[in-house]
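Please read the structure below before turning to the comments.
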Amino acid sequence: MTDATIAAPESEADVRPAWGAVIAMTLGVFGLVGAEFLPASLLTPMAADLRISEGMAGQAVTATAAVALVTSLLITVVTRKLDRRLVLIGLSVLLIFSNLLVAMSSNLAMLLVGRVLLGMALGGFWTLSAATMMRLVPEAVVPKALSVMFLGVSAATVFAAPVGSYVGDIVGWRNVFLGAAVLGALALVVQLATLPSLPPRGHSRFGTLIEVLARPGVGFAMFAILLVFTGHFAFFTYIRPFLENVTGVGVEGVSAVLLGFGIATFFGNYLGAVLLERSMRLTLTIMPVVMGALALSLSMFGGDLVADAAMVALWGLAFGAVPVAWSTWITRAVPDEAESAGGLFVAAINFAIATGAAAGGALFDANGVSSVFVASGVVLFLAAITIVSAVHTRPA
């Protein structure tokens with residue numbers, strides 16, 4: 001596929017970018033991602049209160065990822081005749097009900113139902129996000145708009161890990177989820193006020209996913225995405241035991257390092273937008289190379305708090321650019337079917353969450369946390385090789 005194979009459809013925002021709507025999307029992403037990872041920081045009190053094991057409580061994250069994967073593949077087909085504004089607003093309503101149901105849960109079944117609703121909202125919102133950005137701002141500033149939206153991911157990373165755990169100790173885990181519902185309601189209000197009407201586009205049917213995947217280079221791109229995010233989540237899922245067992249820090253130290261990671265991803269979002277103006281191929285390639293080198297360095301030389309914290313922060317800086325770069329790639333490589341390509345993108349990420357966590361857990365139990373980081377580095381280097389050799393890019 002050459003750089004000019006597919007022409008982008010005309011944008012509703014060619015004349016006037018809808019930055020208010022971009023902020024509304026950012027708030028939606030913040031609420032969704034924050035809710036997705038809250039159980040990771042509140043697992044112990046949730047399990048004790050519901051009288052279940054921590055392993056069973058951990059299935060709240062698994063259920064969300066699994067449903068998000070399925071939803072990402074179905075959302076464009078199921079809602080193909082609906083205005084995207086109504087769909088996005090409906091998904092925000094699901095987010096609110098999910099958090100309320102989790103906060104009121106009296107048993108595992110209620111908890112999982114709430115998390116299933118979140119998975120539906122998460123998978124649907126992410127699938128439509130890149131295609132929506134294409135219609136809110138002119139093509140030339142899509143990377144910048146995406147970087148703004150992904151600030152919501154960075155903020156959620158900070159909120160869900162150290163802040164969620166800290167606040168949960170003070171007010172209780174249920175009130176943390178009630179607070180997440182309030183944040184979801186705020187996002188909903190802003191969306192109602194700013195999102196314009198967005199009539200459906202493309203030829204959304206089940207066969208469209210296969211047709212998009214069969215386009216030259218798209219399948220390799222999705223494979224590269226899977227590798228990048230698998231490598232990342234294998235690393236990130238087991239960063240706490242690494243910091244506790246190898247670096248030798250306590251809970252406060254772990255929270256501080258994770259805070260540094262979250263702040264660095266903020267700057268990574270902007271870094272991605274800047275680098276994309278120079279070269280998409282360079283941006284897509286250099287980030288997994290940097291992340292892979294950091295994973296191997298931590299596995300071989302980890303143990304010093306300052307050095308380890310710096311490398312984790314650099315990882316956050318590099319990773320912050322990854323979703324911005326790949327979402328921009330979708331808007332340029334598959335502009336006529338960006339929603340379907342977005343569904344494949346989200347499915348790959350959620351599969352990577354499960355794969356990275358599961359494979360990392362097996363390695364962790366067998367050979368310790370350093371082996372997880374080695375495997376993460378190898379997978380990330382393989383992703384970079386795939387990008388260089390098989391992924392096609394085109395300028396804006």
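How things are named: the first chain in the structure tokens is A, the next is B, and so on; residues count from 1 in each chain; ligands count from 1 in the order shown.
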Skipping near chain neighbours, those fewer than 3 positions away, what residues fall within 12 Å of A:Gly219 using only C-alpha atoms, listed as an MDAnalysis selection string?
-> chainID A and resid 209:216 222:226 333 341 344:345 348 386:387 390:392
Output N, CA and C atoms for every residue in the selection just made, as an mmCIF file, in the first residue's frame.
data_model
loop_
_atom_site.group_PDB
_atom_site.id
_atom_site.type_symbol
_atom_site.label_atom_id
_atom_site.label_comp_id
_atom_site.auth_asym_id
_atom_site.auth_seq_id
_atom_site.Cartn_x
_atom_site.Cartn_y
_atom_site.Cartn_z
ATOM 1 N N LEU A 209 -14.404 -5.995 8.994
ATOM 2 C CA LEU A 209 -13.216 -6.227 9.807
ATOM 3 C C LEU A 209 -12.206 -7.101 9.067
ATOM 4 N N ILE A 210 -12.695 -8.154 8.412
ATOM 5 C CA ILE A 210 -11.810 -9.042 7.657
ATOM 6 C C ILE A 210 -11.227 -8.307 6.461
ATOM 7 N N GLU A 211 -12.061 -7.509 5.791
ATOM 8 C CA GLU A 211 -11.579 -6.773 4.625
ATOM 9 C C GLU A 211 -10.485 -5.782 5.010
ATOM 10 N N VAL A 212 -10.676 -5.072 6.126
ATOM 11 C CA VAL A 212 -9.663 -4.123 6.589
ATOM 12 C C VAL A 212 -8.383 -4.850 6.971
ATOM 13 N N LEU A 213 -8.523 -5.962 7.687
ATOM 14 C CA LEU A 213 -7.355 -6.726 8.120
ATOM 15 C C LEU A 213 -6.575 -7.284 6.935
ATOM 16 N N ALA A 214 -7.268 -7.540 5.814
ATOM 17 C CA ALA A 214 -6.630 -8.114 4.636
ATOM 18 C C ALA A 214 -5.914 -7.081 3.770
ATOM 19 N N ARG A 215 -6.106 -5.796 4.049
ATOM 20 C CA ARG A 215 -5.418 -4.782 3.264
ATOM 21 C C ARG A 215 -3.908 -4.892 3.463
ATOM 22 N N PRO A 216 -3.134 -4.572 2.437
ATOM 23 C CA PRO A 216 -1.670 -4.680 2.544
ATOM 24 C C PRO A 216 -1.122 -3.909 3.733
ATOM 25 N N MET A 222 -1.336 -4.643 12.940
ATOM 26 C CA MET A 222 -2.046 -5.142 14.109
ATOM 27 C C MET A 222 -1.186 -6.118 14.915
ATOM 28 N N PHE A 223 -0.370 -6.909 14.210
ATOM 29 C CA PHE A 223 0.549 -7.815 14.895
ATOM 30 C C PHE A 223 1.581 -7.016 15.682
ATOM 31 N N ALA A 224 2.088 -5.937 15.081
ATOM 32 C CA ALA A 224 3.052 -5.078 15.777
ATOM 33 C C ALA A 224 2.414 -4.427 16.993
ATOM 34 N N ILE A 225 1.173 -3.959 16.845
ATOM 35 C CA ILE A 225 0.448 -3.376 17.982
ATOM 36 C C ILE A 225 0.319 -4.391 19.113
ATOM 37 N N LEU A 226 -0.055 -5.613 18.754
ATOM 38 C CA LEU A 226 -0.185 -6.680 19.748
ATOM 39 C C LEU A 226 1.132 -6.891 20.489
ATOM 40 N N ALA A 333 -3.811 5.491 7.517
ATOM 41 C CA ALA A 333 -3.714 4.261 6.728
ATOM 42 C C ALA A 333 -5.080 3.721 6.324
ATOM 43 N N ALA A 341 -11.031 -0.257 11.770
ATOM 44 C CA ALA A 341 -9.623 -0.384 12.133
ATOM 45 C C ALA A 341 -9.426 -0.090 13.616
ATOM 46 N N LEU A 344 -10.258 -3.198 15.573
ATOM 47 C CA LEU A 344 -9.152 -4.154 15.558
ATOM 48 C C LEU A 344 -8.040 -3.707 16.501
ATOM 49 N N PHE A 345 -7.772 -2.395 16.525
ATOM 50 C CA PHE A 345 -6.753 -1.823 17.399
ATOM 51 C C PHE A 345 -7.081 -2.098 18.866
ATOM 52 N N ALA A 348 -6.790 -5.777 19.747
ATOM 53 C CA ALA A 348 -5.393 -6.175 19.904
ATOM 54 C C ALA A 348 -4.851 -5.745 21.265
ATOM 55 N N THR A 386 9.198 -5.770 13.179
ATOM 56 C CA THR A 386 7.981 -5.909 12.373
ATOM 57 C C THR A 386 7.582 -4.569 11.756
ATOM 58 N N ILE A 387 7.667 -3.502 12.533
ATOM 59 C CA ILE A 387 7.286 -2.175 12.051
ATOM 60 C C ILE A 387 8.187 -1.748 10.895
ATOM 61 N N ALA A 390 7.544 -4.287 7.733
ATOM 62 C CA ALA A 390 6.239 -4.650 7.129
ATOM 63 C C ALA A 390 5.138 -3.617 7.286
ATOM 64 N N VAL A 391 5.313 -2.593 8.098
ATOM 65 C CA VAL A 391 4.229 -1.623 8.304
ATOM 66 C C VAL A 391 4.438 -0.423 7.396
ATOM 67 N N HIS A 392 3.405 -0.108 6.592
ATOM 68 C CA HIS A 392 3.460 1.024 5.676
ATOM 69 C C HIS A 392 2.909 2.277 6.349
#
Nearest candidate to A:Gly368 (options A:Val257, A:Ile286, A:Phe242, A:Leu128; using only C-alpha atoms) =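 Smallest distance to A:Gly368 is found for A:Phe242.
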Write out as a Markdown table the residues of stretch 327-375 of chain A that have any atom within 12 Å of an atom of stretch 106-123 of chain A, one row each with the nearest atom pair and its distance in Å to one decimal, counting only C-alpha atoms, sorted by chain and then rising number.
| residue | atom | partner | partner_atom | distance |
| --- | --- | --- | --- | --- |
| A:Glu339 | CA | A:Gly123 | CA | 11.8 |
| A:Gly342 | CA | A:Gly123 | CA | 9.9 |
| A:Gly343 | CA | A:Gly123 | CA | 7.9 |
| A:Leu344 | CA | A:Gly123 | CA | 10.5 |
| A:Phe345 | CA | A:Gly123 | CA | 10.2 |
| A:Val346 | CA | A:Gly123 | CA | 6.7 |
| A:Ala347 | CA | A:Gly123 | CA | 7.9 |
| A:Ala348 | CA | A:Gly123 | CA | 11.1 |
| A:Ile349 | CA | A:Gly123 | CA | 10.1 |
| A:Asn350 | CA | A:Gly123 | CA | 8.7 |
| A:Phe351 | CA | A:Gly123 | CA | 11.7 |
Mind checking which residues fall within 6 Å of A:Ala264, counting only C-alpha atoms, ignoring those fewer than 6 positions away in the same chain, and posting them as a CSV table (one decimal) with all heavy atoms, in the first residue's frame?
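File written: result_10.csv
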chain,number,residue,atom,x,y,z
A,313,ALA,N,10.5,6.0,34.6
A,313,ALA,CA,9.9,7.3,34.1
A,313,ALA,C,10.2,7.4,32.6
A,313,ALA,O,9.3,7.8,31.8
A,313,ALA,CB,10.5,8.5,34.8
A,316,GLY,N,7.7,5.4,30.8
A,316,GLY,CA,6.4,6.2,30.7
A,316,GLY,C,6.5,7.2,29.6
A,316,GLY,O,5.5,7.4,28.9
A,317,LEU,N,7.6,7.9,29.4
A,317,LEU,CA,7.8,8.9,28.4
A,317,LEU,C,7.6,8.2,27.0
A,317,LEU,O,6.9,8.7,26.1
A,317,LEU,CB,9.1,9.6,28.5
A,317,LEU,CG,9.4,10.7,27.5
A,317,LEU,CD1,8.5,11.9,27.8
A,317,LEU,CD2,10.9,11.1,27.6
At most 12 Å is the cut-off: for each residue in stretch 212-298 of chain A with any atom that close to an atom of stretch 40-46 of chain A, write down the nearest atom pair and the distance in Å rounded to one decimal, counting only C-alpha atoms, chain first then increasing number, as JSON lines.
{"residue": "A:Phe236", "atom": "CA", "partner": "A:Ala40", "partner_atom": "CA", "distance": 11.6}
{"residue": "A:Thr237", "atom": "CA", "partner": "A:Ala40", "partner_atom": "CA", "distance": 9.3}
{"residue": "A:Tyr238", "atom": "CA", "partner": "A:Ala40", "partner_atom": "CA", "distance": 11.4}
{"residue": "A:Arg240", "atom": "CA", "partner": "A:Ser41", "partner_atom": "CA", "distance": 10.8}
{"residue": "A:Val251", "atom": "CA", "partner": "A:Ser41", "partner_atom": "CA", "distance": 11.3}
{"residue": "A:Val254", "atom": "CA", "partner": "A:Ser41", "partner_atom": "CA", "distance": 11.6}
{"residue": "A:Ser255", "atom": "CA", "partner": "A:Ser41", "partner_atom": "CA", "distance": 10.3}
{"residue": "A:Leu258", "atom": "CA", "partner": "A:Ser41", "partner_atom": "CA", "distance": 11.5}
Next, the residues of the selection above should be written as an mmCIF file, in the first residue's frame with C-alpha atoms.
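This is the output file result09.cif:
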data_model
loop_
_atom_site.group_PDB
_atom_site.id
_atom_site.type_symbol
_atom_site.label_atom_id
_atom_site.label_comp_id
_atom_site.auth_asym_id
_atom_site.auth_seq_id
_atom_site.Cartn_x
_atom_site.Cartn_y
_atom_site.Cartn_z
ATOM 1 C CA PHE A 236 3.731 -2.803 33.861
ATOM 2 C CA THR A 237 1.720 -5.602 35.514
ATOM 3 C CA TYR A 238 4.772 -6.757 37.466
ATOM 4 C CA ARG A 240 5.379 -3.408 41.796
ATOM 5 C CA VAL A 251 4.547 1.094 49.420
ATOM 6 C CA VAL A 254 6.252 2.240 44.784
ATOM 7 C CA SER A 255 3.608 4.992 44.736
ATOM 8 C CA LEU A 258 4.340 5.043 39.677
#
Using only C-alpha atoms, which protein or nucleic acid residues come within 7 Å of stretch 149-158 of chain A? Drop anything in the same chain fewer than 3 positions from it, and give the result as a PDB file with N, CA and C atoms, in the first residue's frame.
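That gives us result06.pdb:
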ATOM      1  N   VAL A  22     -13.120  17.700  21.798  1.00  0.00           N
ATOM      2  CA  VAL A  22     -11.886  16.950  22.077  1.00  0.00           C
ATOM      3  C   VAL A  22     -11.687  16.817  23.588  1.00  0.00           C
ATOM      4  N   ILE A  23     -11.926  17.899  24.320  1.00  0.00           N
ATOM      5  CA  ILE A  23     -11.828  17.849  25.789  1.00  0.00           C
ATOM      6  C   ILE A  23     -12.856  16.874  26.356  1.00  0.00           C
ATOM      7  N   MET A  25     -13.995  14.202  24.909  1.00  0.00           N
ATOM      8  CA  MET A  25     -13.462  12.858  24.672  1.00  0.00           C
ATOM      9  C   MET A  25     -12.356  12.528  25.671  1.00  0.00           C
ATOM     10  N   THR A  26     -11.539  13.521  25.995  1.00  0.00           N
ATOM     11  CA  THR A  26     -10.460  13.321  26.968  1.00  0.00           C
ATOM     12  C   THR A  26     -11.021  12.958  28.339  1.00  0.00           C
ATOM     13  N   LEU A  27     -12.062  13.655  28.751  1.00  0.00           N
ATOM     14  CA  LEU A  27     -12.694  13.348  30.040  1.00  0.00           C
ATOM     15  C   LEU A  27     -13.301  11.951  30.031  1.00  0.00           C
ATOM     16  N   VAL A  29     -12.231   9.359  28.257  1.00  0.00           N
ATOM     17  CA  VAL A  29     -11.114   8.415  28.339  1.00  0.00           C
ATOM     18  C   VAL A  29     -10.580   8.336  29.764  1.00  0.00           C
ATOM     19  N   PHE A  30     -10.461   9.493  30.420  1.00  0.00           N
ATOM     20  CA  PHE A  30      -9.984   9.518  31.801  1.00  0.00           C
ATOM     21  C   PHE A  30     -10.877   8.671  32.707  1.00  0.00           C
ATOM     22  N   VAL A  33     -10.560   4.673  31.610  1.00  0.00           N
ATOM     23  CA  VAL A  33      -9.289   4.011  31.938  1.00  0.00           C
ATOM     24  C   VAL A  33      -9.056   4.003  33.440  1.00  0.00           C
ATOM     25  N   GLY A  34      -9.432   5.091  34.108  1.00  0.00           N
ATOM     26  CA  GLY A  34      -9.304   5.105  35.553  1.00  0.00           C
ATOM     27  C   GLY A  34     -10.123   4.006  36.205  1.00  0.00           C
ATOM     28  N   ALA A 145      -4.663  16.537  18.484  1.00  0.00           N
ATOM     29  CA  ALA A 145      -5.923  16.248  19.168  1.00  0.00           C
ATOM     30  C   ALA A 145      -5.863  14.903  19.878  1.00  0.00           C
ATOM     31  N   LEU A 146      -5.259  13.909  19.236  1.00  0.00           N
ATOM     32  CA  LEU A 146      -5.112  12.598  19.866  1.00  0.00           C
ATOM     33  C   LEU A 146      -4.209  12.680  21.098  1.00  0.00           C
ATOM     34  N   ALA A 161      -3.708   4.226  40.151  1.00  0.00           N
ATOM     35  CA  ALA A 161      -2.698   3.486  40.912  1.00  0.00           C
ATOM     36  C   ALA A 161      -2.426   4.142  42.270  1.00  0.00           C
ATOM     37  N   PRO A 162      -1.551   5.163  42.351  1.00  0.00           N
ATOM     38  CA  PRO A 162      -1.233   5.690  43.694  1.00  0.00           C
ATOM     39  C   PRO A 162      -2.383   6.435  44.349  1.00  0.00           C
ATOM     40  N   VAL A 163      -3.097   7.269  43.594  1.00  0.00           N
ATOM     41  CA  VAL A 163      -4.174   8.061  44.200  1.00  0.00           C
ATOM     42  C   VAL A 163      -5.340   7.176  44.625  1.00  0.00           C
ATOM     43  N   LEU A 259       3.928   7.358  40.306  1.00  0.00           N
ATOM     44  CA  LEU A 259       3.551   8.735  40.026  1.00  0.00           C
ATOM     45  C   LEU A 259       4.477   9.338  38.974  1.00  0.00           C
ATOM     46  N   GLY A 262       3.444   8.016  35.640  1.00  0.00           N
ATOM     47  CA  GLY A 262       2.245   8.668  35.126  1.00  0.00           C
ATOM     48  C   GLY A 262       2.520  10.066  34.606  1.00  0.00           C
ATOM     49  N   THR A 265       4.204   9.972  31.229  1.00  0.00           N
ATOM     50  CA  THR A 265       3.337   9.669  30.092  1.00  0.00           C
ATOM     51  C   THR A 265       2.638  10.920  29.575  1.00  0.00           C
ATOM     52  N   PHE A 266       2.397  11.907  30.468  1.00  0.00           N
ATOM     53  CA  PHE A 266       1.846  13.182  30.013  1.00  0.00           C
ATOM     54  C   PHE A 266       2.744  13.786  28.939  1.00  0.00           C
ATOM     55  N   ASN A 269       2.789  11.919  25.624  1.00  0.00           N
ATOM     56  CA  ASN A 269       1.697  12.245  24.700  1.00  0.00           C
ATOM     57  C   ASN A 269       2.096  13.378  23.764  1.00  0.00           C
ATOM     58  N   VAL A 324      -0.760   7.435  20.811  1.00  0.00           N
ATOM     59  CA  VAL A 324      -0.934   8.582  19.923  1.00  0.00           C
ATOM     60  C   VAL A 324      -0.464   8.227  18.516  1.00  0.00           C
TER      61      VAL A 324
END
Using only C-alpha atoms, pick whichever of A:Phe261, A:Ala48, A:Ser371, A:Gly302 has the shortest atom-to-atom distance to A:Ala318.
-> A:Phe261
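Going from atom CA of A:Gly253 over to atom CA of A:Phe373, you cover 19.8 Å.
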Which residue of A:Leu305, A:Val167, A:Ala140, A:Val379 approaches A:Thr355 most closely, using only C-alpha atoms |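 Of the candidates, the smallest distance to A:Thr355 is held by A:Val379.
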